[in-house]
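Raw contents of coords_34.cif, mmCIF, C-alpha atoms and all ligand atoms:
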data_structure
#
loop_
_atom_site.label_atom_id
_atom_site.label_comp_id
_atom_site.auth_asym_id
_atom_site.auth_seq_id
_atom_site.Cartn_x
_atom_site.Cartn_y
_atom_site.Cartn_z
CA MET U 1 -16.86 0.17 115.50
CA ALA U 2 -14.77 2.28 113.22
CA GLY U 3 -16.68 3.54 110.26
CA ILE U 4 -19.96 2.21 108.94
CA LYS U 5 -20.93 -0.83 107.01
CA GLY U 6 -21.71 -0.19 103.38
CA ARG U 7 -22.59 -2.29 100.40
CA SER U 8 -19.02 -3.28 99.63
CA GLY U 9 -17.48 -3.56 103.08
CA VAL U 10 -16.77 -1.16 105.89
CA TYR U 11 -16.15 2.48 105.13
CA PRO U 12 -13.66 3.60 107.82
CA HIS U 13 -13.74 7.25 106.81
CA ARG U 14 -17.47 7.49 107.59
CA LYS U 15 -18.43 7.87 111.19
CA GLY U 16 -21.63 7.04 112.97
CA GLN U 17 -23.96 4.09 113.04
CA GLY U 18 -24.87 4.24 109.39
CA GLY U 19 -28.30 4.37 107.90
CA ARG U 20 -30.21 7.30 106.56
CA LYS U 21 -30.45 10.22 108.89
CA GLY U 22 -33.11 12.11 107.00
CA ARG U 23 -33.43 15.86 107.21
CA THR U 24 -31.48 17.59 109.95
CA GLY U 25 -31.03 21.11 111.26
CA LYS U 26 -32.99 23.82 109.54
CA TYR U 27 -34.20 21.37 106.92
CA LYS U 28 -35.91 19.23 109.48
CA ARG U 29 -39.69 19.07 109.04
CA SER U 30 -41.96 20.23 111.82
CA PRO U 31 -44.57 17.77 113.19
CA GLN U 32 -47.26 19.85 111.45
CA GLN U 33 -45.50 19.51 108.12
CA ILE U 34 -45.13 15.77 108.60
CA GLU U 35 -48.83 15.44 109.42
CA ALA U 36 -49.78 17.53 106.34
CA LEU U 37 -47.59 15.34 104.16
CA ARG U 38 -49.12 12.22 105.65
CA GLN U 39 -52.60 13.51 104.83
CA ARG U 40 -51.58 14.42 101.30
CA LEU U 41 -50.14 10.96 100.63
CA LYS U 42 -53.06 9.16 102.21
CA GLY U 43 -54.94 8.57 98.98
CA ILE U 44 -51.84 7.89 96.89
CA LYS U 45 -49.51 5.82 98.99
CA GLN U 46 -51.07 2.84 100.66
CA ASN U 47 -49.85 -0.47 101.84
CA PRO U 48 -50.85 -2.83 99.02
CA ARG U 49 -51.61 -5.52 101.59
CA SER U 50 -53.98 -3.32 103.56
CA GLU U 51 -57.69 -4.08 103.46
CA ALA U 52 -58.43 -0.48 102.44
CA PHE U 53 -56.11 -0.76 99.43
CA LYS U 54 -57.71 -4.03 98.33
CA GLN U 55 -61.18 -2.57 98.77
CA ASN U 56 -60.18 0.44 96.69
CA LEU U 57 -58.81 -1.84 93.99
CA ARG U 58 -62.00 -3.91 93.96
CA GLU U 59 -64.13 -0.82 93.54
CA LEU U 60 -61.92 0.52 90.77
CA HIS U 61 -61.92 -2.69 88.71
CA THR U 62 -65.38 -4.17 88.98
CA GLY U 63 -68.43 -3.77 86.80
CA SER U 64 -68.32 -1.09 84.15
CA LYS U 65 -64.88 0.03 85.35
CA ALA U 66 -63.29 -3.35 84.62
CA TYR U 67 -60.85 -3.32 81.68
CA ASN U 68 -62.78 -6.12 79.91
CA TRP U 69 -66.26 -4.81 80.58
CA LYS U 70 -68.46 -5.75 77.63
CA GLY U 71 -71.62 -3.90 78.50
CA GLY U 72 -73.21 -6.24 81.03
CA TYR U 73 -76.30 -8.40 80.81
CA GLU U 74 -78.29 -5.85 78.79
CA ASN U 75 -75.65 -5.72 76.07
CA HIS U 76 -75.35 -9.49 76.14
CA LEU U 77 -79.08 -9.74 75.39
CA HIS U 78 -78.69 -7.13 72.68
CA LEU U 79 -75.90 -9.11 70.99
CA ASN U 80 -77.98 -12.30 71.18
CA ARG U 81 -80.88 -10.45 69.54
CA LEU U 82 -78.61 -9.26 66.72
CA ARG U 83 -77.32 -12.80 66.22
CA ARG U 84 -80.86 -14.17 65.98
CA ILE U 85 -81.86 -11.49 63.48
CA ARG U 86 -78.82 -12.33 61.34
CA HIS U 87 -79.90 -15.97 61.51
CA LEU U 88 -83.42 -15.14 60.35
CA GLN U 89 -82.30 -12.87 57.54
CA ALA U 90 -79.59 -15.20 56.24
CA PRO U 91 -80.60 -16.91 52.98
CA GLY U 92 -81.45 -20.61 52.97
CA SER U 93 -82.32 -23.02 55.72
CA HIS U 94 -81.90 -26.64 56.72
CA THR U 95 -83.93 -29.19 58.63
CA LEU U 96 -83.16 -30.98 61.86
CA ALA U 97 -82.88 -34.27 59.93
CA GLU U 98 -80.21 -32.74 57.67
CA TRP U 99 -78.30 -31.61 60.73
CA LEU U 100 -78.48 -35.05 62.34
CA THR U 101 -77.31 -36.68 59.07
CA LEU U 102 -74.42 -34.24 58.89
CA LYS U 103 -73.40 -35.09 62.45
CA ALA U 104 -73.47 -38.80 61.57
CA GLN U 105 -71.28 -38.08 58.50
CA TYR U 106 -68.75 -36.47 60.83
CA ASP U 107 -69.00 -39.54 63.12
CA PHE U 108 -70.27 -37.28 65.93
CA THR U 109 -66.75 -35.91 66.17
CA CYS U 110 -65.55 -32.33 66.24
CA PRO U 111 -63.26 -32.15 63.15
CA SER U 112 -61.07 -29.56 64.82
CA CYS U 113 -60.24 -31.14 68.18
CA HIS U 114 -61.32 -34.76 67.40
CA ARG U 115 -63.42 -35.19 70.53
CA ARG U 116 -66.60 -37.23 70.28
CA GLU U 117 -70.17 -36.29 71.04
CA PRO U 118 -70.91 -37.49 74.57
CA GLU U 119 -67.78 -35.67 75.79
CA ILE U 120 -68.63 -32.48 73.90
CA THR U 121 -71.78 -31.00 72.43
CA LEU U 122 -71.64 -30.39 68.69
CA THR U 123 -72.97 -27.01 67.61
CA GLU U 124 -73.85 -25.77 64.16
CA ASP U 125 -70.99 -23.72 62.77
CA HIS U 126 -71.41 -21.65 59.64
CA ILE U 127 -68.36 -22.27 57.46
CA ILE U 128 -68.84 -18.83 55.91
CA PRO U 129 -70.07 -16.85 58.92
CA LEU U 130 -73.42 -15.10 58.84
CA THR U 131 -71.56 -11.83 59.40
CA LYS U 132 -69.80 -12.48 56.10
CA PHE U 133 -73.13 -13.20 54.38
CA GLY U 134 -72.91 -17.00 54.56
CA SER U 135 -76.14 -18.93 54.14
CA ASN U 136 -78.11 -21.15 56.49
CA ASN U 137 -78.03 -24.03 54.00
CA ILE U 138 -76.65 -27.36 55.15
CA GLU U 139 -73.70 -26.96 52.72
CA ASN U 140 -72.56 -24.03 54.82
CA ILE U 141 -72.88 -25.91 58.11
CA GLN U 142 -70.27 -28.04 59.86
CA PRO U 143 -70.47 -29.54 63.34
CA LEU U 144 -67.97 -28.06 65.79
CA CYS U 145 -67.78 -28.28 69.55
CA ARG U 146 -68.62 -25.13 71.40
CA SER U 147 -65.03 -24.15 72.18
CA CYS U 148 -63.82 -24.74 68.60
CA ASN U 149 -66.81 -22.79 67.32
CA SER U 150 -65.89 -19.89 69.59
CA LYS U 151 -62.25 -20.06 68.56
CA LYS U 152 -63.18 -20.00 64.88
CA TYR U 153 -65.21 -16.83 65.56
CA ASN U 154 -65.69 -15.08 62.18
CA LYS U 155 -62.95 -16.80 60.22
CA ILE U 156 -63.74 -18.96 57.19
CA ILE U 157 -62.34 -22.43 57.94
CA TYR U 158 -63.62 -25.67 56.41
CA TYR U 159 -62.56 -28.70 58.44
CA ALA U 160 -64.15 -31.31 56.15
CA ASN U 161 -62.60 -34.78 55.80
CA ARG U 162 -60.13 -34.07 58.55
CA VAL U 163 -61.79 -36.55 60.89
ZN ZN U 201 -63.65 -29.04 68.97
#
What would the structure in this file look like if it were written as structure tokens?
Ligand SMILES: [Zn+2]
Amino acid sequence: MAGIKGRSGVYPHRKGQGGRKGRTGKYKRSPQQIEALRQRLKGIKQNPRSEAFKQNLRELHTGSKAYNWKGGYENHLHLNRLRRIRHLQAPGSHTLAEWLTLKAQYDFTCPSCHRREPEITLTEDHIIPLTKFGSNNIENIQPLCRSCNSKKYNKIIYYANRV
């Protein structure tokens, strides 16, 4: 074959079988140098499909090293405690009967996603959140399903009469 095959056809002026030859002559690396290089790259360059690489990845991204680590179970308990304290210190209160009446007024439906009670569980949402000094009075409560309640987070949204 005359010349070598390149990207855009055959290059007749280039001899040989083609492909990268690597270092030749005095630039050629000794076996010791190659071994040293291999050792140096061991921790950096790994086959992403290798078990070792996956293991390394798992260890680097689990638990407190995970990018979305929120402090673990202990912090979860701590946040729950804070939430309960806010509840207790918020002004006003309401009774279970008031809550049940309110749910009936909303036809046991989440006013945000319009799903009914057996499908979802209605939770008490504070229209003005406790973090923004809303009260525990029934006027400040609306029934929302758990996911809509979570989505609302600490925004002030009143879904009334949207059933
Ligand atoms: Zn909902």
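Going from CA of Phe108 (chain U) to CA of His126 (chain U) covers 16.9 Å.
Taking CA of Trp99 (chain U) and CA of Leu79 (chain U) as endpoints, the distance between them is 24.8 Å.
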Near-ligand residues for ligand ZN 201 (chain U), threshold 12 Å, only C-alpha atoms and all ligand atoms, as an MDAnalysis selection string: chainID U and resid 108:117 119:125 142:152 159 163
Of the listed residues U:Pro129, U:Pro48, U:Gly63, U:Pro118, that which approaches Lys155 (chain U) most closely, counting all atoms listed in the file: U:Pro129
Selection: 8 Å around Asn140 (chain U), only C-alpha atoms, excl. self and same-chain fewer than 2 positions, as an MDAnalysis selection string: chainID U and resid 126:128 134:138 142
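A straight line drawn from CA of Asn80 (chain U) to CA of Gln105 (chain U) is 29.5 Å long.
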Please, what is the axis-aligned box for every listed atom of region 77-82 of chain U with 4 Å on each side, as centre and edge lengths in Å to one decimal, as lines of an AutoDock Vina configuration file?
center_x = -78.4
center_y = -9.7
center_z = 71.1
size_x = 13.0
size_y = 13.2
size_z = 16.7
For Arg86 (chain U): contacts at 10 Å, all atoms listed in the file, fewer than 6 positions along chain excluded, given as number ranges by chain: U: 80, 130-131, 133
